[in-house]
Amino acid sequence: MSAGRYAATRFSTLMPTLDKAENPFKLLALLNKQQWMFFLISFFAWSWDAFDFFTVSLTVENLAETFDVSKKDITWGITLVLMLRSVGAITFGIAADRFGRKWPFIVNNVLFIILEMSTGFCNTYHQFLGVRALFGIAMGGLYGNVAATALEDCPPAARGIISGMLQQGYAFGYLLATVFSRAFVDTVGHEWRPLFWFGAGPPVLLIIFRLLLPETQAFQERERVRKAGHNVAHTFIAEGKVALKKHWLILIYMVLLMAGFNFMSHGSQDLYPTMLTNQYDFSPNAVTVTQVVANLGAMSGGTVIGYCSQIFGRRFSIVFISIVGGALLYPYCFVTDTKIIAPAFFEQFCVQGAWGVIPIHLMEMSPGSFRTFVVGTSYQLGNLVSSASSTIEATIGERFPLPPKIAGKKEIPRYAYGKVICIFMGCVYAYTIVLTILGPEFRNRNFEVSHDEDMNEAVKKDRAEIQKIVQSGSIRGEDVERAPQ
């Protein structure tokens with residue numbers, strides 16, 4: 001398709017497809033036991049990844065006091081994690097596409113255990129930054145892996161709702177971090193440290209769970225085709241060359257799209273608890289309640305909009321819910337009392353509603369041989385672009401001082417963070433809507449290796465030959481060369 005023709009079809013292809021709305025419970029019933037296990041391990045792992053990330057966001061003031069630095073300095077701990085996650089996405093993504101989803105996942109979680117424990121034992125600010133930087137590398141390798149594990153074998157009709165449910169592991173992890181920060185921070189001794197020590201426990205269970213499960217069927221089939229040749233590594237490299245040659249432009253697009261989405265989530269969430277406490281003088285309990293309600297909205301939104309994307313289309317669903325989210329920014333940022341709970345619920349419904357479409361949207365746009373690498377790396381490079389979002393908001397917020405809060409004999413500076421979050425998020429929504437309209441969509445793309453044209457080109461075999469290899473699982477080496485004869 002020419003560039004002009006592509007541009008001319010951006011609005012016509014955006015229109016809702018209005019496919020038949022299947023009963024969501026019937027869609028969930030399409031998954032067999034193994035597919036449900038793949039979804040559950042992916043959901044819980046992604047949830048704990050989010051938990052680990054937000055432990056810092058929710059303890060900014062505590063960490064600043066312990067290390068005797070400003071809150072802005074502590075936000076660099078968040079920024080470093082976001083910046084270095086792309087390193088983990090590239091490393092673990094290539095490993096997962098070459099060797100399988102299972103063992104890279106397990107290595108990821110071993111690193112989580114070590115680094116989460118280490119965070120709790122940090123005694124200086126520089127130690128804290130160093131450990132969080134390493135944590136960023138470990139955390140970066142997980143997203144592409146869990147997306148591929150949960151969605152590769154998923155029945156096509158159920159992809160939308162499963163994508164939405166999977167993505168809400170992020171909101172569920174945020175919810176868990178909010179609850180457990182109230183349970184452990186400044187309540188059981190050692191200040192904020194028990195929260196991080198506790199975070200090192202659940203990955204042990206995740207490792208055991210994953211050890212009991214096989215590789216996905218989609219990866220096993222692709223591996224059979226690779227092993228049918230003389231050199232698996234050579235075939236893998238050939239797949240990479242084909243993917244880069246044919247899909248380089250869409251890879252760049254995916255990174256730009258994920259930059260917008262990551263600005264959307266981090267811009268609306270990372271500094272929000274600080275806004276509630278610093279600008280609006282919310283008590284810790286009031287912040288907890290607000291955050292819990294907001295994350296219930298996020299979990300609802302992701303599931304609902306993910307399901308709707310199967311009916312109306314991926315791009316239309318993202319654009320629609322982003323427009324609604326933009327309209328809700330004013331109450332989300334400027335209601336000054338506990339009534340802010342309602343706009344917090346619906347704003348996060350919109351933010352995570354748009355995000356609910358992303359796992360399957362990225363999977364369907366990705367080259368089949370490199371789904372883990374492309375999904376994870378585009379997501380994490382988007383994170384890299386947006387990594388300074390909380391620092392940007394905190395820095396700009398300090399240019400809008402408010403009358404200080406008096407605590408005993410001490411004056412605590414206050415800033416108009418709500419104004420900054422509102423303007424920042426308005427720009428992010430506009431960017432995301434425009435980029436989504438300009439992008440492609442491959443809804444219901446077939447994930448089977450026999451339908452992967454890139455694989456056909458890499459191994460120089462047609463669909464029928466690859467299908468025969470997949471079905472037999474036993475044709476290797478010279479036998480493959482003799483098969484046509």
# chains A, B, ... in the order shown; residues from 1 in each chain; ligands from 1

$ closest_atom_pairs --of "stretch 50-138 of chain A" --to "stretch 226-230 of chain A" --cutoff "12 Å" --atoms "only C-alpha atoms" --output "Markdown table"
| residue | atom | partner | partner_atom | distance |
| --- | --- | --- | --- | --- |
| A:Asp97 | CA | A:Arg226 | CA | 11.8 |
| A:Arg98 | CA | A:Arg226 | CA | 9.9 |
| A:Phe99 | CA | A:Arg226 | CA | 11.2 |

$ residues_around --residues "A:Ala89" --least-positions-apart "2" --cutoff "6 Å" --atoms "only C-alpha atoms" --output "short mmCIF file (atom, residue, chain, number, x, y, z; two decimals) with N, CA and C atoms, in the first residue's frame"
data_model
loop_
_atom_site.label_atom_id
_atom_site.label_comp_id
_atom_site.auth_asym_id
_atom_site.auth_seq_id
_atom_site.Cartn_x
_atom_site.Cartn_y
_atom_site.Cartn_z
N SER A 86 14.53 -1.04 29.48
CA SER A 86 14.71 -1.42 28.07
C SER A 86 15.88 -2.38 27.90
N VAL A 87 16.91 -2.26 28.75
CA VAL A 87 18.05 -3.19 28.69
C VAL A 87 17.57 -4.61 29.01
N THR A 91 17.47 -7.94 26.44
CA THR A 91 18.21 -9.14 26.84
C THR A 91 17.29 -10.34 27.03
N PHE A 92 16.29 -10.18 27.88
CA PHE A 92 15.40 -11.30 28.18
C PHE A 92 14.43 -11.57 27.04
N GLY A 93 14.11 -10.55 26.25
CA GLY A 93 13.21 -10.75 25.11
C GLY A 93 13.84 -11.64 24.06
N GLY A 140 12.49 -5.11 33.41
CA GLY A 140 12.24 -4.89 31.99
C GLY A 140 12.02 -6.16 31.20
N GLY A 141 12.53 -7.28 31.69
CA GLY A 141 12.42 -8.52 30.93
C GLY A 141 11.11 -9.24 31.05
N GLY A 376 8.03 -6.53 24.45
CA GLY A 376 8.72 -6.05 25.64
C GLY A 376 9.58 -4.84 25.37
N THR A 377 10.31 -4.85 24.26
CA THR A 377 11.23 -3.75 23.97
C THR A 377 10.48 -2.48 23.58
#

$ atom_distance --atom1 "atom CA of A:Ala243" --atom2 "atom CA of A:Trp355"
25.5 Å

$ residues_around --residues "A:Pro194" --least-positions-apart "3" --cutoff "10 Å" --atoms "only C-alpha atoms" --output "list in words"
Met117, Gly120, Phe121, Phe180, Ser181, Ala183, Phe184, Val185, Asp186, Thr187, Val188, Gly189, His190, Glu191, Trp197, Phe198 and Gly199 of chain A

$ write_last_selection --atoms "C-alpha atoms" --output "CSV table (one decimal), in the first residue's frame"
chain,number,residue,atom,x,y,z
A,117,MET,CA,15.7,-7.8,49.5
A,120,GLY,CA,15.4,-3.1,52.0
A,121,PHE,CA,19.0,-3.1,53.3
A,180,PHE,CA,0.7,-3.4,51.9
A,181,SER,CA,2.4,0.0,52.2
A,183,ALA,CA,0.3,-2.4,56.5
A,184,PHE,CA,4.1,-2.4,56.7
A,185,VAL,CA,5.4,1.2,56.5
A,186,ASP,CA,6.0,2.7,59.9
A,187,THR,CA,3.9,0.1,61.6
A,188,VAL,CA,6.1,-2.9,62.3
A,189,GLY,CA,9.5,-1.2,62.8
A,190,HIS,CA,12.4,-0.5,60.4
A,191,GLU,CA,10.4,2.3,58.7
A,197,TRP,CA,11.5,-7.4,52.3
A,198,PHE,CA,7.9,-8.6,52.0
A,199,GLY,CA,8.1,-8.0,48.2

$ select_by_dssp --residues "stretch 247-289 of chain A" --states "alpha helix (DSSP H)" --output "PyMOL selection string"
chain A and resi 247-269+272-274+284-289

$ write_last_selection --atoms "C-alpha atoms" --output "PDB file, in the first residue's frame"
ATOM      1  CA  HIS A 247       8.895  -4.406   9.845  1.00  0.00           C
ATOM      2  CA  TRP A 248      11.393  -1.703  10.873  1.00  0.00           C
ATOM      3  CA  LEU A 249       8.886   1.100  10.377  1.00  0.00           C
ATOM      4  CA  ILE A 250       6.165  -0.484  12.483  1.00  0.00           C
ATOM      5  CA  LEU A 251       8.732  -1.185  15.221  1.00  0.00           C
ATOM      6  CA  ILE A 252       9.512   2.532  15.415  1.00  0.00           C
ATOM      7  CA  TYR A 253       5.790   3.285  15.495  1.00  0.00           C
ATOM      8  CA  MET A 254       5.245   0.858  18.378  1.00  0.00           C
ATOM      9  CA  VAL A 255       7.947   2.573  20.444  1.00  0.00           C
ATOM     10  CA  LEU A 256       6.394   5.998  19.838  1.00  0.00           C
ATOM     11  CA  LEU A 257       2.937   4.652  20.709  1.00  0.00           C
ATOM     12  CA  MET A 258       4.183   3.090  23.924  1.00  0.00           C
ATOM     13  CA  ALA A 259       5.905   6.348  24.883  1.00  0.00           C
ATOM     14  CA  GLY A 260       2.480   7.982  24.864  1.00  0.00           C
ATOM     15  CA  PHE A 261       0.896   5.183  26.853  1.00  0.00           C
ATOM     16  CA  ASN A 262       3.649   5.173  29.452  1.00  0.00           C
ATOM     17  CA  PHE A 263       3.421   8.938  29.837  1.00  0.00           C
ATOM     18  CA  MET A 264      -0.324   8.366  30.318  1.00  0.00           C
ATOM     19  CA  SER A 265       0.022   5.853  33.138  1.00  0.00           C
ATOM     20  CA  HIS A 266       3.025   7.321  34.957  1.00  0.00           C
ATOM     21  CA  GLY A 267       1.876  10.896  34.467  1.00  0.00           C
ATOM     22  CA  SER A 268      -1.490  10.162  36.052  1.00  0.00           C
ATOM     23  CA  GLN A 269      -0.298   7.882  38.858  1.00  0.00           C
ATOM     24  CA  TYR A 272      -0.775  11.457  42.504  1.00  0.00           C
ATOM     25  CA  PRO A 273      -0.330  10.256  46.127  1.00  0.00           C
ATOM     26  CA  THR A 274       2.119  13.138  46.672  1.00  0.00           C
ATOM     27  CA  PRO A 284      -2.551   8.414  54.928  1.00  0.00           C
ATOM     28  CA  ASN A 285      -5.855   6.563  55.305  1.00  0.00           C
ATOM     29  CA  ALA A 286      -7.620   8.921  52.890  1.00  0.00           C
ATOM     30  CA  VAL A 287      -4.825   8.445  50.336  1.00  0.00           C
ATOM     31  CA  THR A 288      -5.103   4.680  50.704  1.00  0.00           C
ATOM     32  CA  VAL A 289      -8.852   4.700  50.164  1.00  0.00           C
TER      33      VAL A 289
END

$ closest_residue --among "A:Val459, A:Val146, A:Thr66, A:Ala157" --to "A:Leu30" --atoms "only C-alpha atoms"
A:Ala157
